[in-house]
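*Asks:* Supplied in structure tokens, the structure appears directly below.
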Amino acid sequence: MQQATTSLKKRGDLLADASAQLHVLHTTKEVRPFSSALLSAGLLPLRPTGIDILQVNVGKQCNQTCKHCHVDAGPDRTEVMSRATMQQCLDVLAKTDIATLDITGGAPEMNPEFRWFVAEVRALHREVIVRCNLTIIVSNPRFHDLPEFFAQHGVRVVASMPSYDARNVDRQRGQGVYDASIRAMKMLNAVGYGVEDSGLQFDLVYNPVGALLPGSQHSLQADFKRELLKRHGIMFNDLHCITNMPVSRFLEYLLASNNYDGYMESLVSAFNPSAAENVMCRNTISVGWDGFLYDCDFNQMLEMKVASKGKHISSFDYSALLARSIVIDQHCYGCTAGAGSSCGGQLV
């Protein structure tokens with residue numbers, strides 16, 4: 001597959017620095033502070049409702065370099081979580097009632113400890129979500145058995161698929177990604193994923209191609225189910241709509257295409273207090289590849305650690321994390337616009 005771009009870090013781009021991204025977000029004209037929007041909604045300070053999900057980024061290595069990637073992942077990235085840090089995550093799960101481990105990347109399957117980690121989490125009887133880009137399954141023979149591995153361990157697979165149209169997918173994710181994704185989805189279907197009554201959950205993630213807010217999740221799911229079945233005989237369970245965040249490579253795209261100001265205006269004008277009440281940072285803790293803790297995956301990429309005394313997985317303090325104020329900034333408008341956005345899809 002031809003790569004869509006190279007990582008910001010590889011190119012030495014200014015936006016590879018989180019502080020440079022925050023500078024852009026802080027100097028946007030006529031955009032009121034997100035804290036002001038929360039205050040008007042009676043939600044400041046924003047507090048956790050619990051810790052139901054531990055979302056773990058096991059590394060920034062990826063076989064793709066998608067144009068919209070907020071992680072700035074790619075084949076050139078070398079950041080990979082160690083087994084020792086994974087063990088610290090397991091220790092946290094063992095001593096708490098956190099129900100779900102959500103594994104992300106990069107392409108998380110590229111981490112050499114990935115399969116060990118999944119097996120160990122399942123041994124603790126916790127739900128495992130793996131965020132898969134699909135093409136990793138067909139990219140190399142050593143990954144071809146991933147569908148069987150996922151099925152063996154009862155993993156919930158959540159896969160990126162921004163369109164059922166080849167042109168739109170390849171434009172965002174790289175030439176040839178659509179065809180490779182279709183092959184991978186057929187392999188997942190073949191072992192039962194997305195098949196009725198199989199018990200193997202297979203969800204897709206949709207994010208708009210371009211500087212647009214996503215449409216209705218319900219309508220888009222119906223369209224995806226109809227078109228993927230008609231065109232390729234592919235089945236899946238649910239579609240999650242996620243808003244593109246003005247972070248990293250999508251921020252670069254917005255600036256380069258002169259869409260930044262208009263996009264931020266659309267996010268701000270669509271602020272929804274009901275969505276803000278249900279944002280994922282209220283019941284999730286995000287763990288970086290190096291073990292540091294964040295309120296969400298987007299804060300992680302902007303290097304905004306949790307406002308708690310225990311800022312690393314090795315000093316995880318459940319009570320302190322429940323009592324913290326969630327760290328917010330201008331990018332948070334992305335999760336609170338319209339129907340809202342989270343790793344589980346729209347919020348209202």
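Identifiers in the structure tokens: chain A, B, ... in order shown; residue index from 1 per chain; ligand index from 1 in order shown.
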At a cut-off of 7 Å, using only C-alpha atoms, what residues contact Arg47 in chain A? Leave out same-chain residues fewer than 4 positions from it and give the result as a list in words.
*Replies:*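 Final neighbour list, sorted by chain and number: Arg282, Arg324, Ser325 and Ile326 of chain A.
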*Asks:* DSSP on the backbone: what in range 11-158 of chain A comes out strand (DSSP E), as number ranges by chain?
*Replies:* A: 53-57, 100-104, 127-132, 156-158
*Asks:* Using DSSP on the backbone coordinates, identify all residues within range 119-180 of chain A classified as alpha helix (DSSP H); present the result as a list in words.
*Replies:* Ala119, Glu120, Val121, Arg122, Ala123, Thr135, Ile136, Ile137, Val138, Ser139, Leu146, Pro147, Glu148, Phe149, Phe150, Ala151, Gln152, Ala166, Arg167, Asn168, Val169, Asp170, Arg171, Gln172, Arg173, Val177, Tyr178, Asp179 and Ala180 of chain A
*Asks:* Convert the current residue selection to file output with C-alpha atoms, as an mmCIF file, in the first residue's frame.
*Replies:*
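Result file follows (again.cif):
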data_model
loop_
_atom_site.group_PDB
_atom_site.id
_atom_site.type_symbol
_atom_site.label_atom_id
_atom_site.label_comp_id
_atom_site.auth_asym_id
_atom_site.auth_seq_id
_atom_site.Cartn_x
_atom_site.Cartn_y
_atom_site.Cartn_z
ATOM 1 C CA ALA A 119 -4.172 -13.103 27.069
ATOM 2 C CA GLU A 120 -3.217 -11.764 30.503
ATOM 3 C CA VAL A 121 -6.096 -9.277 30.571
ATOM 4 C CA ARG A 122 -8.573 -11.968 29.567
ATOM 5 C CA ALA A 123 -7.193 -14.153 32.363
ATOM 6 C CA THR A 135 -4.995 -3.548 7.021
ATOM 7 C CA ILE A 136 -2.555 -4.838 9.642
ATOM 8 C CA ILE A 137 -4.271 -8.240 9.335
ATOM 9 C CA VAL A 138 -3.299 -8.614 5.665
ATOM 10 C CA SER A 139 -0.079 -6.576 5.719
ATOM 11 C CA LEU A 146 -5.173 -12.263 14.110
ATOM 12 C CA PRO A 147 -8.883 -12.996 13.457
ATOM 13 C CA GLU A 148 -8.443 -16.462 14.996
ATOM 14 C CA PHE A 149 -6.473 -15.000 17.899
ATOM 15 C CA PHE A 150 -9.148 -12.383 18.526
ATOM 16 C CA ALA A 151 -11.890 -15.016 18.424
ATOM 17 C CA GLN A 152 -9.984 -17.381 20.735
ATOM 18 C CA ALA A 166 -13.028 3.101 -2.037
ATOM 19 C CA ARG A 167 -12.075 6.573 -3.201
ATOM 20 C CA ASN A 168 -12.911 8.235 0.123
ATOM 21 C CA VAL A 169 -11.069 5.599 2.167
ATOM 22 C CA ASP A 170 -7.934 5.726 0.043
ATOM 23 C CA ARG A 171 -7.957 9.528 0.020
ATOM 24 C CA GLN A 172 -7.838 9.623 3.816
ATOM 25 C CA ARG A 173 -5.887 6.487 4.691
ATOM 26 C CA VAL A 177 -6.301 0.688 2.052
ATOM 27 C CA TYR A 178 -9.902 0.091 1.014
ATOM 28 C CA ASP A 179 -9.203 -3.184 -0.776
ATOM 29 C CA ALA A 180 -6.979 -4.393 2.067
#
*Asks:* Neighbours of range 305-317 of chain A within 6 Å (only C-alpha atoms; same-chain residues fewer than 3 positions away dropped), as a VMD selection string?
*Replies:* chain A and resid 88 291 to 295 320 324
*Asks:* Would you mind listing what lies within 9 Å of Leu8 in chain A as a PDB file with C-alpha atoms, in the first residue's frame, with only C-alpha atoms counted and same-chain residues fewer than 2 positions away left out?
*Replies:*
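The file below, out-v6.pdb, is the result:
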ATOM      1  CA  THR A   5       1.864  10.858   4.119  1.00  0.00           C
ATOM      2  CA  THR A   6       4.745  10.587   6.564  1.00  0.00           C
ATOM      3  CA  LYS A  10       9.627  12.193  10.635  1.00  0.00           C
ATOM      4  CA  ARG A  11       9.337  15.445   8.683  1.00  0.00           C
ATOM      5  CA  GLY A  12      10.500  17.568  11.596  1.00  0.00           C
ATOM      6  CA  ASP A  13       7.290  19.582  11.330  1.00  0.00           C
ATOM      7  CA  LEU A  14       6.613  22.226  13.967  1.00  0.00           C
ATOM      8  CA  LEU A  15       3.248  20.591  14.733  1.00  0.00           C
ATOM      9  CA  ALA A  16       5.036  17.456  15.935  1.00  0.00           C
ATOM     10  CA  ASP A  17       5.455  19.470  19.154  1.00  0.00           C
ATOM     11  CA  ASP A  72       0.851  11.000  14.305  1.00  0.00           C
ATOM     12  CA  ALA A  73       1.441   7.256  14.053  1.00  0.00           C
ATOM     13  CA  SER A 248      -1.748  16.529  15.078  1.00  0.00           C
ATOM     14  CA  ARG A 249      -2.115  15.540  11.399  1.00  0.00           C
ATOM     15  CA  GLU A 252      -2.105  20.096   9.862  1.00  0.00           C
TER      16      GLU A 252
END
*Asks:* Interatomic distance between CA of Gly59 in chain A and CA of Phe114 in chain A?
*Replies:*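 Computing the Euclidean distance for CA of Gly59 in chain A and CA of Phe114 in chain A yields 10.1 Å.
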*Asks:* Show me, as a PyMOL selection string, the residues that have an atom within 9 Å of Ile328 in chain A when counting only C-alpha atoms, minus same-chain residues fewer than 5 positions from it.
*Replies:* chain A and resi 34-35+46+295+299+304
*Asks:* List the spatial neighbours of His125 in chain A as JSON, numbers by chain - criterion: any atom at most 12 Å away, only C-alpha atoms, same-chain residues fewer than 4 positions off excluded.
*Replies:* {"A": [90, 93, 94, 97, 98, 99, 100, 101, 118, 119, 120, 121, 153, 154, 155]}
*Asks:* Which of these, A:Gly288, A:Gly233, A:Lys225, A:Val327, has the shortest distance to Pro45 in chain A once you count only C-alpha atoms?
*Replies:*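 Selected residue with least distance to Pro45 in chain A: A:Val327.
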*Asks:* Mind pulling up the distance from CA of Pro112 in chain A to CA of Thr85 in chain A?
*Replies:*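 Calculated distance between CA of Thr85 in chain A and CA of Pro112 in chain A is 13.2 Å.
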*Asks:* In terms of the shortest atom-to-atom distance over only C-alpha atoms, which of A:Tyr333, A:Phe271, A:Tyr318, A:Phe224 is closest to Asn237 in chain A?
*Replies:* A:Phe224
*Asks:* Using only C-alpha atoms, pick whichever of A:Glu303, A:Asn259, A:Glu127, A:Leu322 has the shortest atom-to-atom distance to Gln21 in chain A.
*Replies:* A:Glu303
*Asks:* Tell me which of A:Trp116, A:Phe143, A:Tyr253, A:Phe202 sits closest to Asn63 in chain A, counting only C-alpha atoms.
*Replies:*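 Ranking A:Trp116, A:Phe143, A:Tyr253, A:Phe202 by distance to Asn63 in chain A, first place goes to A:Phe143.
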*Asks:* Could you name the residues that touch Ala41 in chain A at 9 Å or less, counting only C-alpha atoms, but leaving out those on the same chain fewer than 4 positions away, as a list of chain:residue names?
*Replies:*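 Final neighbour list, sorted by chain and number: A:Ser36, A:Ala37, A:Asn272, A:Pro273, A:Ser274, A:Ala276, A:Glu277.
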*Asks:* In Å, how far is it from CA of Val130 in chain A to CA of Val157 in chain A?
*Replies:*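 The value is 5.2 Å.
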*Asks:* Could you produce a table of the residues of range 257-299 of chain A lying within 9 Å of range 205-222 of chain A, with the nearest pair of atoms per residue and their separation in Å rounded to one decimal, using only C-alpha atoms, ordered by chain and increasing residue number, as CSV?
*Replies:*
residue,atom,partner,partner_atom,distance
A:Asn259,CA,A:Ala211,CA,6.7
A:Tyr260,CA,A:Ala211,CA,8.2
A:Gly262,CA,A:Ala211,CA,8.5
A:Tyr263,CA,A:Ala211,CA,6.1
A:Ser266,CA,A:Leu213,CA,8.0
A:Leu267,CA,A:Leu213,CA,7.9
*Asks:* Smallest atom-to-atom distance to Met187 in chain A: which of A:Met280, A:Leu321, A:Met235, A:Val58, using only C-alpha atoms?
*Replies:* A:Met235
